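For reference, my_file_12.pdb is printed below; it contains PDB, C-alpha atoms, pLDDT in the B column.
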ATOM      1  CA  MET A  17      14.802   3.906  18.928  1.00 82.00           C
ATOM      2  CA  GLN A  18      16.366   3.306  15.501  1.00 93.00           C
ATOM      3  CA  PRO A  19      13.717   4.307  12.919  1.00 94.00           C
ATOM      4  CA  THR A  20      15.878   3.786   9.831  1.00 95.00           C
ATOM      5  CA  HIS A  21      17.051   0.360  10.912  1.00 96.00           C
ATOM      6  CA  GLU A  22      13.556  -0.728  11.971  1.00 95.00           C
ATOM      7  CA  ALA A  23      11.802   0.442   8.802  1.00 95.00           C
ATOM      8  CA  TYR A  24      14.300  -1.009   6.341  1.00 96.00           C
ATOM      9  CA  SER A  25      14.968  -4.234   8.227  1.00 96.00           C
ATOM     10  CA  GLU A  26      11.233  -4.998   8.198  1.00 96.00           C
ATOM     11  CA  LEU A  27      11.140  -4.457   4.443  1.00 97.00           C
ATOM     12  CA  GLU A  28      14.213  -6.628   3.916  1.00 97.00           C
ATOM     13  CA  MET A  29      12.776  -9.356   6.127  1.00 97.00           C
ATOM     14  CA  ALA A  30       9.625  -9.363   3.997  1.00 98.00           C
ATOM     15  CA  TYR A  31      11.674  -9.511   0.783  1.00 98.00           C
ATOM     16  CA  ASP A  32      13.747 -12.456   2.002  1.00 98.00           C
ATOM     17  CA  HIS A  33      10.646 -14.278   3.218  1.00 98.00           C
ATOM     18  CA  PHE A  34       8.779 -13.984  -0.083  1.00 98.00           C
ATOM     19  CA  ASN A  35      11.916 -14.746  -2.088  1.00 98.00           C
ATOM     20  CA  ASP A  36      12.200 -18.082  -0.287  1.00 98.00           C
ATOM     21  CA  ALA A  37       8.467 -18.850  -0.140  1.00 98.00           C
ATOM     22  CA  LEU A  38       7.411 -17.796  -3.646  1.00 98.00           C
ATOM     23  CA  TYR A  39      10.547 -17.539  -5.824  1.00 98.00           C
ATOM     24  CA  GLU A  40      12.571 -20.528  -4.560  1.00 97.00           C
ATOM     25  CA  GLY A  41      15.268 -18.115  -3.384  1.00 97.00           C
ATOM     26  CA  GLN A  42      16.164 -17.284  -6.997  1.00 96.00           C
ATOM     27  CA  LEU A  43      16.041 -13.504  -6.786  1.00 98.00           C
ATOM     28  CA  PRO A  44      19.358 -11.729  -6.229  1.00 97.00           C
ATOM     29  CA  LYS A  45      19.651  -9.259  -3.385  1.00 96.00           C
ATOM     30  CA  CYS A  46      18.532  -5.772  -4.413  1.00 97.00           C
ATOM     31  CA  LEU A  47      18.432  -2.282  -2.944  1.00 98.00           C
ATOM     32  CA  LEU A  48      15.112  -1.646  -1.216  1.00 97.00           C
ATOM     33  CA  THR A  49      14.124   2.007  -0.960  1.00 97.00           C
ATOM     34  CA  PHE A  50      11.251   4.227   0.114  1.00 95.00           C
ATOM     35  CA  GLN A  51      10.059   6.628  -2.596  1.00 91.00           C
ATOM     36  CA  ARG A  52       6.922   8.783  -2.427  1.00 84.00           C
ATOM     37  CA  ASP A  53       4.968   8.689  -5.667  1.00 77.00           C
ATOM     38  CA  LYS A  54       1.350   9.819  -6.087  1.00 68.00           C
ATOM     39  CA  ARG A  55       0.946   7.553  -9.106  1.00 71.00           C
ATOM     40  CA  SER A  56       1.967   4.179  -7.691  1.00 80.00           C
ATOM     41  CA  TYR A  57       2.393   2.000  -4.634  1.00 87.00           C
ATOM     42  CA  GLY A  58       5.886   0.946  -5.748  1.00 91.00           C
ATOM     43  CA  TYR A  59       8.143   0.206  -8.703  1.00 93.00           C
ATOM     44  CA  PHE A  60      10.996  -2.011  -9.920  1.00 95.00           C
ATOM     45  CA  ALA A  61      14.075  -0.592 -11.671  1.00 95.00           C
ATOM     46  CA  SER A  62      16.616  -3.041 -13.040  1.00 95.00           C
ATOM     47  CA  GLU A  63      20.322  -2.438 -12.260  1.00 96.00           C
ATOM     48  CA  ARG A  64      19.495   1.055 -11.006  1.00 96.00           C
ATOM     49  CA  PHE A  65      22.423   1.283  -8.582  1.00 97.00           C
ATOM     50  CA  VAL A  66      26.148   0.577  -8.882  1.00 97.00           C
ATOM     51  CA  ASN A  67      28.829   0.485  -6.206  1.00 97.00           C
ATOM     52  CA  SER A  68      32.439   1.687  -6.279  1.00 97.00           C
ATOM     53  CA  SER A  69      33.569  -1.690  -7.628  1.00 97.00           C
ATOM     54  CA  GLY A  70      31.200  -1.487 -10.588  1.00 97.00           C
ATOM     55  CA  VAL A  71      28.751  -4.077  -9.248  1.00 97.00           C
ATOM     56  CA  LYS A  72      25.167  -3.310 -10.264  1.00 97.00           C
ATOM     57  CA  THR A  73      22.010  -4.065  -8.335  1.00 98.00           C
ATOM     58  CA  ASP A  74      18.272  -3.678  -8.897  1.00 98.00           C
ATOM     59  CA  GLU A  75      15.996  -1.332  -6.984  1.00 98.00           C
ATOM     60  CA  ILE A  76      12.561  -2.083  -5.580  1.00 97.00           C
ATOM     61  CA  ALA A  77      10.973   1.097  -4.278  1.00 96.00           C
ATOM     62  CA  MET A  78       7.979   1.178  -1.950  1.00 95.00           C
ATOM     63  CA  ASN A  79       5.757   4.202  -1.413  1.00 90.00           C
ATOM     64  CA  PRO A  80       5.698   4.817   2.375  1.00 89.00           C
ATOM     65  CA  ALA A  81       2.711   7.165   2.120  1.00 82.00           C
ATOM     66  CA  MET A  82       0.603   4.141   1.198  1.00 83.00           C
ATOM     67  CA  PHE A  83       1.687   2.258   4.334  1.00 83.00           C
ATOM     68  CA  ALA A  84      -0.644   4.496   6.312  1.00 76.00           C
ATOM     69  CA  VAL A  85      -3.824   3.935   4.361  1.00 78.00           C
ATOM     70  CA  ILE A  86      -3.788   0.321   3.125  1.00 83.00           C
ATOM     71  CA  PRO A  87      -3.729  -2.957   5.095  1.00 88.00           C
ATOM     72  CA  ALA A  88      -0.398  -4.662   5.722  1.00 92.00           C
ATOM     73  CA  ALA A  89      -1.330  -7.488   3.327  1.00 94.00           C
ATOM     74  CA  GLU A  90      -1.636  -4.987   0.464  1.00 93.00           C
ATOM     75  CA  ILE A  91       1.791  -3.568   1.289  1.00 94.00           C
ATOM     76  CA  MET A  92       3.201  -7.077   0.952  1.00 97.00           C
ATOM     77  CA  GLN A  93       1.162  -7.594  -2.205  1.00 96.00           C
ATOM     78  CA  THR A  94       2.868  -4.562  -3.747  1.00 95.00           C
ATOM     79  CA  LEU A  95       6.310  -5.846  -2.773  1.00 97.00           C
ATOM     80  CA  VAL A  96       5.650  -9.263  -4.323  1.00 98.00           C
ATOM     81  CA  HIS A  97       4.240  -7.621  -7.481  1.00 96.00           C
ATOM     82  CA  GLU A  98       7.517  -5.750  -7.946  1.00 96.00           C
ATOM     83  CA  MET A  99       9.504  -8.889  -7.159  1.00 97.00           C
ATOM     84  CA  ALA A 100       7.712 -10.542 -10.097  1.00 97.00           C
ATOM     85  CA  HIS A 101       9.173  -7.828 -12.334  1.00 96.00           C
ATOM     86  CA  GLN A 102      12.605  -8.541 -10.880  1.00 97.00           C
ATOM     87  CA  TRP A 103      12.149 -12.267 -11.528  1.00 97.00           C
ATOM     88  CA  GLN A 104      11.198 -11.576 -15.150  1.00 97.00           C
ATOM     89  CA  PHE A 105      14.188  -9.291 -15.702  1.00 96.00           C
ATOM     90  CA  HIS A 106      16.624 -11.988 -14.572  1.00 97.00           C
ATOM     91  CA  PHE A 107      14.890 -15.141 -15.775  1.00 97.00           C
ATOM     92  CA  GLY A 108      12.367 -14.162 -18.440  1.00 95.00           C
ATOM     93  CA  LYS A 109      11.625 -11.637 -21.164  1.00 94.00           C
ATOM     94  CA  PRO A 110      10.164  -8.345 -19.876  1.00 92.00           C
ATOM     95  CA  GLY A 111       7.666  -6.450 -21.993  1.00 86.00           C
ATOM     96  CA  ARG A 112       8.499  -3.067 -23.468  1.00 84.00           C
ATOM     97  CA  ARG A 113       8.847  -0.336 -20.856  1.00 75.00           C
ATOM     98  CA  SER A 114       6.005  -0.691 -18.331  1.00 75.00           C
ATOM     99  CA  TYR A 115       4.017  -3.308 -20.270  1.00 86.00           C
ATOM    100  CA  HIS A 116       2.889  -6.273 -18.187  1.00 93.00           C
ATOM    101  CA  ASN A 117       2.992  -9.225 -20.597  1.00 94.00           C
ATOM    102  CA  LYS A 118       1.643 -12.793 -20.456  1.00 95.00           C
ATOM    103  CA  GLU A 119       4.839 -14.228 -18.984  1.00 96.00           C
ATOM    104  CA  TRP A 120       4.697 -11.805 -16.070  1.00 95.00           C
ATOM    105  CA  GLY A 121       0.999 -12.521 -15.616  1.00 95.00           C
ATOM    106  CA  ALA A 122       1.549 -16.269 -15.574  1.00 96.00           C
ATOM    107  CA  LYS A 123       4.222 -15.888 -12.881  1.00 97.00           C
ATOM    108  CA  MET A 124       1.883 -13.731 -10.803  1.00 97.00           C
ATOM    109  CA  GLU A 125      -0.851 -16.348 -10.995  1.00 97.00           C
ATOM    110  CA  ALA A 126       1.622 -19.084 -10.079  1.00 97.00           C
ATOM    111  CA  ILE A 127       2.591 -17.289  -6.864  1.00 98.00           C
ATOM    112  CA  GLY A 128      -1.020 -16.527  -5.931  1.00 97.00           C
ATOM    113  CA  LEU A 129      -1.744 -13.022  -7.254  1.00 97.00           C
ATOM    114  CA  MET A 130      -4.227 -12.544 -10.093  1.00 96.00           C
ATOM    115  CA  PRO A 131      -3.344  -9.716 -12.519  1.00 95.00           C
ATOM    116  CA  SER A 132      -6.225  -7.366 -13.277  1.00 93.00           C
ATOM    117  CA  ASN A 133      -6.246  -3.861 -14.724  1.00 89.00           C
ATOM    118  CA  THR A 134      -9.153  -3.045 -12.397  1.00 88.00           C
ATOM    119  CA  GLY A 135      -7.849  -4.851  -9.331  1.00 87.00           C
ATOM    120  CA  GLU A 136     -11.033  -6.935  -9.397  1.00 89.00           C
ATOM    121  CA  PRO A 137     -12.103 -10.266 -10.974  1.00 91.00           C
ATOM    122  CA  GLY A 138     -12.796 -10.004 -14.691  1.00 90.00           C
ATOM    123  CA  GLY A 139     -10.187  -7.343 -15.461  1.00 90.00           C
ATOM    124  CA  LYS A 140      -7.617  -7.574 -18.256  1.00 91.00           C
ATOM    125  CA  LYS A 141      -4.544  -9.638 -17.349  1.00 91.00           C
ATOM    126  CA  VAL A 142      -2.021  -7.730 -19.472  1.00 91.00           C
ATOM    127  CA  GLY A 143      -1.453  -4.053 -20.146  1.00 88.00           C
ATOM    128  CA  GLU A 144       0.434  -0.898 -19.191  1.00 85.00           C
ATOM    129  CA  GLN A 145      -1.099  -0.156 -15.808  1.00 83.00           C
ATOM    130  CA  MET A 146      -1.830  -3.338 -13.881  1.00 87.00           C
ATOM    131  CA  MET A 147      -3.086  -4.148 -10.424  1.00 91.00           C
ATOM    132  CA  ASP A 148      -3.816  -7.537  -8.888  1.00 94.00           C
ATOM    133  CA  TYR A 149      -5.832  -9.267  -6.218  1.00 94.00           C
ATOM    134  CA  ILE A 150      -5.074 -12.130  -3.873  1.00 96.00           C
ATOM    135  CA  ILE A 151      -6.097 -15.618  -5.023  1.00 97.00           C
ATOM    136  CA  GLU A 152      -7.849 -17.290  -2.097  1.00 96.00           C
ATOM    137  CA  GLY A 153      -5.954 -20.329  -0.868  1.00 97.00           C
ATOM    138  CA  GLY A 154      -2.965 -19.513  -3.075  1.00 97.00           C
ATOM    139  CA  PRO A 155       0.759 -19.468  -2.198  1.00 98.00           C
ATOM    140  CA  PHE A 156       0.885 -15.713  -1.583  1.00 98.00           C
ATOM    141  CA  GLU A 157      -2.006 -15.764   0.884  1.00 97.00           C
ATOM    142  CA  ALA A 158      -0.371 -18.522   2.905  1.00 98.00           C
ATOM    143  CA  ALA A 159       3.083 -16.897   2.829  1.00 98.00           C
ATOM    144  CA  CYS A 160       1.684 -13.481   3.701  1.00 97.00           C
ATOM    145  CA  ASN A 161      -0.383 -14.764   6.627  1.00 97.00           C
ATOM    146  CA  GLU A 162       2.638 -16.563   8.031  1.00 97.00           C
ATOM    147  CA  LEU A 163       4.834 -13.468   7.725  1.00 97.00           C
ATOM    148  CA  LEU A 164       2.312 -11.073   9.254  1.00 96.00           C
ATOM    149  CA  SER A 165       1.891 -13.380  12.239  1.00 96.00           C
ATOM    150  CA  ARG A 166       5.395 -12.290  13.296  1.00 95.00           C
ATOM    151  CA  LEU A 167       6.041  -8.997  11.491  1.00 94.00           C
ATOM    152  CA  ALA A 168       4.360  -5.596  11.776  1.00 90.00           C
ATOM    153  CA  ILE A 169       4.995  -2.349   9.929  1.00 90.00           C
ATOM    154  CA  THR A 170       6.396  -0.100  12.645  1.00 90.00           C
ATOM    155  CA  TRP A 171       6.626   3.285  10.930  1.00 88.00           C
ATOM    156  CA  ARG A 172       3.802   4.978   8.998  1.00 81.00           C
ATOM    157  CA  ASP A 173       3.518   8.417   7.416  1.00 79.00           C
ATOM    158  CA  ARG A 174       1.428  10.600   9.780  1.00 73.00           C
ATOM    159  CA  LEU A 175      -0.031  12.957   7.152  1.00 70.00           C
ATOM    160  CA  PRO A 176      -1.941  10.381   5.069  1.00 64.00           C
ATOM    161  CA  VAL A 177      -3.202   8.753   8.286  1.00 57.00           C
ATOM    162  CA  GLN A 178      -4.534  11.995   9.716  1.00 61.00           C
ATOM    163  CA  LYS A 179      -6.074  13.009   6.388  1.00 64.00           C
ATOM    164  CA  LEU A 180      -7.900   9.701   6.090  1.00 59.00           C
ATOM    165  CA  VAL A 181      -9.032   9.769   9.722  1.00 63.00           C
ATOM    166  CA  ASP A 182     -10.435  13.278   9.257  1.00 68.00           C
ATOM    167  CA  GLN A 183     -12.276  12.219   6.104  1.00 64.00           C
ATOM    168  CA  VAL A 184     -13.754   9.116   7.717  1.00 61.00           C
ATOM    169  CA  MET A 185     -14.838  10.923  10.869  1.00 65.00           C
ATOM    170  CA  ALA A 186     -16.379  13.689   8.760  1.00 69.00           C
ATOM    171  CA  GLY A 187     -18.188  11.189   6.533  1.00 66.00           C
ATOM    172  CA  THR A 188     -16.640  12.604   3.350  1.00 63.00           C
ATOM    173  CA  VAL A 189     -14.956   9.435   2.075  1.00 55.00           C
ATOM    174  CA  GLU A 190     -16.795   6.409   0.707  1.00 55.00           C
ATOM    175  CA  GLY A 191     -15.845   2.783   1.166  1.00 54.00           C
ATOM    176  CA  VAL A 192     -13.812   3.246   4.361  1.00 56.00           C
ATOM    177  CA  GLU A 193     -15.240   2.937   7.866  1.00 59.00           C
ATOM    178  CA  ALA A 194     -13.737   3.589  11.272  1.00 59.00           C
ATOM    179  CA  ALA A 195     -13.488  -0.205  11.723  1.00 58.00           C
ATOM    180  CA  ASP A 196     -11.274  -0.386   8.628  1.00 53.00           C
ATOM    181  CA  LEU A 197      -8.876   2.148  10.150  1.00 56.00           C
ATOM    182  CA  ILE A 198      -8.735   0.196  13.391  1.00 56.00           C
ATOM    183  CA  ALA A 199      -7.976  -2.982  11.401  1.00 51.00           C
ATOM    184  CA  MET A 200      -5.026  -1.125   9.824  1.00 49.00           C
ATOM    185  CA  GLY A 201      -3.678  -0.387  13.295  1.00 50.00           C
ATOM    186  CA  VAL A 202      -4.780   3.248  13.424  1.00 54.00           C
ATOM    187  CA  GLU A 203      -5.756   4.417  16.894  1.00 53.00           C
ATOM    188  CA  LEU A 204      -8.864   6.571  16.777  1.00 53.00           C
ATOM    189  CA  GLU A 205      -9.728   9.120  19.409  1.00 52.00           C
ATOM    190  CA  THR A 206     -13.239   8.316  20.613  1.00 47.00           C
ATOM    191  CA  PRO A 207     -15.479  10.441  22.862  1.00 42.00           C
ATOM    192  CA  ALA A 208     -15.663   9.410  26.495  1.00 41.00           C
ATOM    193  CA  SER A 209     -19.446   9.157  26.171  1.00 35.00           C
ATOM    194  CA  LYS A 210     -22.204   9.769  23.629  1.00 40.00           C
ATOM    195  CA  SER A 211     -23.040  13.038  25.390  1.00 47.00           C
ATOM    196  CA  ASN A 212     -19.703  14.394  24.151  1.00 59.00           C
ATOM    197  CA  ARG A 213     -20.560  13.679  20.506  1.00 69.00           C
ATOM    198  CA  ARG A 214     -21.740  16.563  18.318  1.00 77.00           C
ATOM    199  CA  LYS A 215     -23.702  16.646  15.083  1.00 81.00           C
ATOM    200  CA  TYR A 216     -22.468  18.870  12.264  1.00 82.00           C
ATOM    201  CA  SER A 217     -24.613  19.810   9.272  1.00 84.00           C
ATOM    202  CA  CYS A 218     -24.176  21.584   5.930  1.00 81.00           C
ATOM    203  CA  SER A 219     -26.696  24.405   5.570  1.00 84.00           C
ATOM    204  CA  LYS A 220     -26.758  24.022   1.769  1.00 81.00           C
ATOM    205  CA  CYS A 221     -27.085  20.299   1.015  1.00 78.00           C
ATOM    206  CA  GLY A 222     -27.974  18.975   4.470  1.00 77.00           C
ATOM    207  CA  VAL A 223     -25.180  16.407   4.716  1.00 75.00           C
ATOM    208  CA  ASN A 224     -24.442  15.428   8.319  1.00 77.00           C
ATOM    209  CA  ALA A 225     -21.358  14.309  10.214  1.00 78.00           C
ATOM    210  CA  TRP A 226     -20.718  13.421  13.843  1.00 73.00           C
ATOM    211  CA  GLY A 227     -17.599  13.945  15.907  1.00 73.00           C
ATOM    212  CA  LYS A 228     -16.072  15.477  18.993  1.00 70.00           C
ATOM    213  CA  PRO A 229     -16.803  19.123  19.958  1.00 76.00           C
ATOM    214  CA  ASN A 230     -15.081  22.051  18.230  1.00 75.00           C
ATOM    215  CA  LEU A 231     -14.243  20.250  14.976  1.00 77.00           C
ATOM    216  CA  ASN A 232     -13.630  22.392  11.901  1.00 76.00           C
ATOM    217  CA  LEU A 233     -15.344  20.378   9.147  1.00 79.00           C
ATOM    218  CA  MET A 234     -16.033  21.250   5.530  1.00 74.00           C
ATOM    219  CA  CYS A 235     -18.611  19.859   3.101  1.00 74.00           C
ATOM    220  CA  GLY A 236     -16.694  18.327   0.192  1.00 69.00           C
ATOM    221  CA  ASP A 237     -19.498  19.081  -2.289  1.00 69.00           C
ATOM    222  CA  CYS A 238     -20.510  22.599  -1.272  1.00 70.00           C
ATOM    223  CA  GLN A 239     -17.202  23.790   0.198  1.00 74.00           C
ATOM    224  CA  GLU A 240     -19.190  25.153   3.129  1.00 78.00           C
ATOM    225  CA  ARG A 241     -18.221  24.890   6.788  1.00 82.00           C
ATOM    226  CA  LEU A 242     -20.393  22.370   8.642  1.00 83.00           C
ATOM    227  CA  GLU A 243     -22.339  23.937  11.488  1.00 85.00           C
ATOM    228  CA  ASP A 244     -22.488  22.444  14.972  1.00 85.00           C
ATOM    229  CA  VAL A 245     -26.205  21.707  15.458  1.00 85.00           C
ATOM    230  CA  GLY A 246     -26.009  19.907  18.785  1.00 80.00           C
ATOM    231  CA  PRO A 247     -25.733  16.378  20.226  1.00 70.00           C
TER     232      PRO A 247
END

Reformat the file's structure so that it appears as structure tokens.
Amino acid sequence: MQPTHEAYSELEMAYDHFNDALYEGQLPKCLLTFQRDKRSYGYFASERFVNSSGVKTDEIAMNPAMFAVIPAAEIMQTLVHEMAHQWQFHFGKPGRRSYHNKEWGAKMEAIGLMPSNTGEPGGKKVGEQMMDYIIEGGPFEAACNELLSRLAITWRDRLPVQKLVDQVMAGTVEGVEAADLIAMGVELETPASKSNRRKYSCSKCGVNAWGKPNLNLMCGDCQERLEDVGP
């Protein structure tokens, strides 16, 4: 087992693949790093590193905590988003500081990612804090599907995974189902039979959750411990 080699080689393979498929191989090699950041999925920093000979290189950092709680396609989406910043630094005119300008947005659209400040259709295409969504049938979708048919993210941060699993199983998080976790590659512990499943209830607001016996669950609204009320 070589965790460092596996994790970084997968990231580098993805970078090389998208560089060839979406950027015509124009982007220079850069230093790919893992950086935890509660505020973002990743970032680009131009000429952030220098070697002993004085040669500079860019940095693209990816937040490994996010690997655990978003689908693999969104991980790749983040990487390609940051690669668009790298492309603009070398071949275009970047906006001031973190501003995502029209040139960057046009490049994103050309490679199959639609800029949106909400991450949904109809959002603003330029601004300080920008997300994006996949354009159906676009170059990114095709390139990403091809890559993920032969590449998987091997290493994931355990803490975000366990936190999300606990929230889903307790019914305290909206918009994520157990099936979504399974689609992300998370293995869920399931009861051997329905007779082993217990119902937990909040005595104050009446919210219910189901799970295996002896769980220690809390109501997110009332901050009360959920009581085991039976099968």

As a check of understanding: the span from atom CA of Phe83 of chain A to atom CA of Trp171 of chain A is 8.3 Å

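Residues matched by the PyMOL selection byres ((chain A and resi 32) around 12) in this structure: Ser25, Glu26, Leu27, Glu28, Met29, Ala30, Tyr31, His33, Phe34, Asn35, Asp36, Ala37, Leu38, Tyr39, Glu40, Gly41, Gln42, Leu43, Pro44, Lys45, Cys46, Leu48, Met92, Leu95, Val96, Met99, Ala159 and Leu163 of chain A.
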
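The protein and nucleic acid residues lying at most 12 Å from Lys123 of chain A are Leu38, Tyr39, Val96, His97, Glu98, Met99, Ala100, His101, Gln102, Trp103, Gln104, Phe107, Gly108, Lys109, Pro110, His116, Asn117, Lys118, Glu119, Trp120, Ala126, Ile127, Gly128, Leu129, Met130, Pro131, Lys141, Pro155 and Phe156 of chain A, with all atoms listed in the file considered and sequence neighbours fewer than 3 positions away removed.
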
When you draw a straight line from atom CA of Cys221 of chain A to atom CA of Pro247 of chain A, how long is it in Å? 19.7 Å

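Atom to atom, atom CA of Ile151 of chain A and atom CA of Gly139 of chain A stand 13.9 Å apart.
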
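Shortest atom-to-atom contact with Glu240 of chain A among A:Phe60, A:Phe50, A:Phe65, A:Tyr216: A:Tyr216, counting all atoms listed in the file.
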
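Closest approach to Asp244 of chain A among A:Arg214, A:His21, A:Arg52, A:Lys228 is made by A:Arg214 (distances from all atoms listed in the file).
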
Got a sec: who's within 12 Å of Arg55 of chain A, counting only C-alpha atoms, leaving out chain neighbours fewer than 2 positions off, as a short mmCIF file (atom, residue, chain, number, x, y, z; two decimals) with C-alpha atoms, keeping the file's coordinate frame?
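Written output follows (around09.cif):
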data_model
loop_
_atom_site.label_atom_id
_atom_site.label_comp_id
_atom_site.auth_asym_id
_atom_site.auth_seq_id
_atom_site.Cartn_x
_atom_site.Cartn_y
_atom_site.Cartn_z
CA GLN A 51 10.06 6.63 -2.60
CA ARG A 52 6.92 8.78 -2.43
CA ASP A 53 4.97 8.69 -5.67
CA TYR A 57 2.39 2.00 -4.63
CA GLY A 58 5.89 0.95 -5.75
CA TYR A 59 8.14 0.21 -8.70
CA MET A 78 7.98 1.18 -1.95
CA ASN A 79 5.76 4.20 -1.41
CA ALA A 81 2.71 7.16 2.12
CA MET A 82 0.60 4.14 1.20
CA GLN A 145 -1.10 -0.16 -15.81
#

Report, as lines of an AutoDock Vina configuration file, the axis-aligned box around all atoms of segment 216-226 of chain A present in the file, extended by 5 Å on each side; give centre and edge lengths in Å to one decimal place.
center_x = -24.3
center_y = 18.9
center_z = 7.4
size_x = 17.3
size_y = 21.0
size_z = 22.8
